[in-house]
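*Asks:* Before anything else, here's the structure in question.
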Amino acid sequence: MERRSRSFYGLAVFFALFVLFLYGPILTIGILSFQGPQGGLTFPMNGVSLHWFHDLFQEQAVGDIWGAFRRSFGLGLIVMVTTVVVSVMAGLAFRKRFYGSGLLFYAAITSLVIPSILISLGVGLIFNQLGFKIHWATSGFGSQLTWTLPFGLLIMFAVFNRFDKSYEEAARDQGASAWQTLRHVVLPIIAPSLIGVALFGFTLSYDEFARTLLTAGSYNTLPLEIFGMTTNVTTPVIYALGTLTTVFSFVIIAVFLLVAWMIGKRRARMGSDAGKGV
């Protein structure tokens with residue numbers, strides 16, 4: 001058996017440390033959320049129970065946890081749908097060169113390199129100057145799109161750069177209209193990528209803090225609410241909230257992966273049926 005080089009073990013240690021720093025905090029919070037009723041915020045644990053999960057669903061003296069969750073969830077859905085629609089439209093538009101396309105592209109992705117807090121400050125100032133009310137569903141929505149749209153655009157540009165146009169040409173030769181070609185040919189082919197853009201849009205919005213800090217108005221989203229709780233809540237209930245939000249994030253990812261798997265399975269079955277028909 002061939003001996004492994006020293007570089008292999010060095011990289012293995014580095015990877016183990018990476019995983020530890022990545023998932024260690026999540027694991028620690030998950031463990032501490034099961035503290036007993038008299039437990040605190042640190043180790044050693046004082047008993048094991050579900051007390052703090054139960055307490056989480058009671059009325060809290062500080063904050064509005066479930067209102068913040070509903071706002072983050074609703075905002076995430078709105079941002080997700082907008083990101084998918086605009087990204088697809090932009091991807092279709094940029095398949096052909098047009099005057100100013102390069103400038104428009106770089107203007108769209110510039111927000112990725114601007115500090116998030118400056119984006120939040122800028123959007124808040126614009127709304128103030130125009131006399132508009134700062135609210136999570138308006139100014140917060142706009143500031144988050146500066147974060148999610150560039151990722152969606154980059155994904156769609158990559159998808160359409162390698163998209164085989166012969167499928168569209170075949171559909172048009174069969175008499176399909178432009179809308180029918182888009183609906184029945186293009187969208188089913190790029191469906192897995194659309195799921196990826198949707199997942200990006202939702203998760204980036206759901207846990208965004210900096211770009212929402214100065215644009216959420218009087219009502220906090222969940223990240224802002226959790227940040228506020230860190231200065232007021234001194235019980236493991238905040239860990240219970242962290243554990244539940246982490247589980248919720250994994251559930252959302254699992255749902256998207258399940259949808260992608262179902263689409264792939266359906267496509268394989270249709271291909272198999274078509275092959276049998278031939």
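We name chains A, B, ... following the order of the structure tokens; residues begin at 1 in each chain, and ligands are numbered from 1 as shown.
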So that I can check the surroundings of region 139-146 of chain A, please list as an MDAnalysis selection string every protein, DNA and RNA residue that reaches within 7 Å of it, counting only C-alpha atoms and ignoring chain neighbours fewer than 6 positions away.

*Replies:* chainID A and resid 75 79 111 119:120 123:124 205 211:212 215:216

*Asks:* I'd like the neighbourhood of region 248-258 of chain A as a PyMOL selection string, where a residue qualifies if any of its atoms comes within 8 Å (using only C-alpha atoms), though same-chain residues fewer than 2 positions away should be ignored.

*Replies:* chain A and resi 195+199+203+244-246+260-262

*Asks:* So how far away is CA of Ala198 (chain A) from CA of Gly74 (chain A), in Å?

*Replies:* 13.9 Å

*Asks:* Skip Thr234 (chain A) itself and residues of its chain fewer than 2 positions away, then list as a list in words all residues within 8 Å of it, counting only C-alpha atoms.

*Replies:*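 The contact residues come out as Gly40, Leu41, Thr230, Asn232 and Pro236 of chain A.
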
*Asks:* Keeping only N, CA and C atoms, write the selected residues to a file as a tab-separated table (two decimals), in the first residue's frame.

*Replies:*
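Output saved as selection.tsv:
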chain	number	residue	atom	x	y	z
A	40	GLY	N	-27.27	28.02	32.61
A	40	GLY	CA	-26.82	29.34	32.18
A	40	GLY	C	-26.37	29.34	30.74
A	41	LEU	N	-25.57	30.33	30.40
A	41	LEU	CA	-25.14	30.51	29.02
A	41	LEU	C	-23.82	29.84	28.71
A	230	THR	N	-29.12	39.60	22.22
A	230	THR	CA	-27.82	39.29	22.82
A	230	THR	C	-27.43	40.29	23.90
A	232	ASN	N	-29.81	41.74	25.89
A	232	ASN	CA	-30.86	41.79	26.91
A	232	ASN	C	-31.19	40.44	27.52
A	236	PRO	N	-30.55	30.62	28.32
A	236	PRO	CA	-30.34	29.80	27.12
A	236	PRO	C	-31.49	29.83	26.12

*Asks:* Any idea what's packed within 8 Å of Asn46 (chain A), counting only C-alpha atoms, ignoring anything in its chain fewer than 4 positions away? Could you give it as number ranges by chain?

*Replies:* A: 35-40

*Asks:* Include all heavy atoms and write out the residues we just selected as a tab-separated table (two decimals), in the first residue's frame.

*Replies:*
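Resulting contents of result.tsv:
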chain	number	residue	atom	x	y	z
A	35	GLN	N	-29.96	23.05	28.05
A	35	GLN	CA	-29.68	23.24	29.47
A	35	GLN	C	-30.95	22.98	30.31
A	35	GLN	O	-32.07	23.15	29.83
A	35	GLN	CB	-29.21	24.68	29.72
A	35	GLN	CG	-27.81	24.96	29.26
A	35	GLN	CD	-26.78	24.83	30.37
A	35	GLN	OE1	-26.98	24.07	31.31
A	35	GLN	NE2	-25.69	25.56	30.24
A	36	GLY	N	-30.72	22.61	31.57
A	36	GLY	CA	-31.84	22.47	32.49
A	36	GLY	C	-32.43	23.82	32.85
A	36	GLY	O	-31.89	24.87	32.50
A	37	PRO	N	-33.56	23.84	33.59
A	37	PRO	CA	-34.22	25.11	33.95
A	37	PRO	C	-33.32	26.08	34.69
A	37	PRO	O	-33.52	27.30	34.60
A	37	PRO	CB	-35.39	24.66	34.83
A	37	PRO	CG	-35.66	23.24	34.40
A	37	PRO	CD	-34.32	22.67	34.05
A	38	GLN	N	-32.34	25.58	35.42
A	38	GLN	CA	-31.43	26.46	36.16
A	38	GLN	C	-30.12	26.68	35.42
A	38	GLN	O	-29.18	27.25	35.98
A	38	GLN	CB	-31.12	25.82	37.54
A	38	GLN	CG	-32.35	25.50	38.37
A	38	GLN	CD	-33.21	26.72	38.61
A	38	GLN	OE1	-32.69	27.81	38.86
A	38	GLN	NE2	-34.53	26.55	38.57
A	39	GLY	N	-30.07	26.27	34.17
A	39	GLY	CA	-28.84	26.37	33.39
A	39	GLY	C	-28.52	27.80	32.98
A	39	GLY	O	-29.39	28.68	32.97
A	40	GLY	N	-27.27	28.02	32.61
A	40	GLY	CA	-26.82	29.34	32.18
A	40	GLY	C	-26.37	29.34	30.74
A	40	GLY	O	-26.71	28.45	29.96

*Asks:* So how many Å separate CA of Tyr23 (chain A) and CA of Ile65 (chain A), to one decimal?

*Replies:*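 A separation of 24.2 Å between them.
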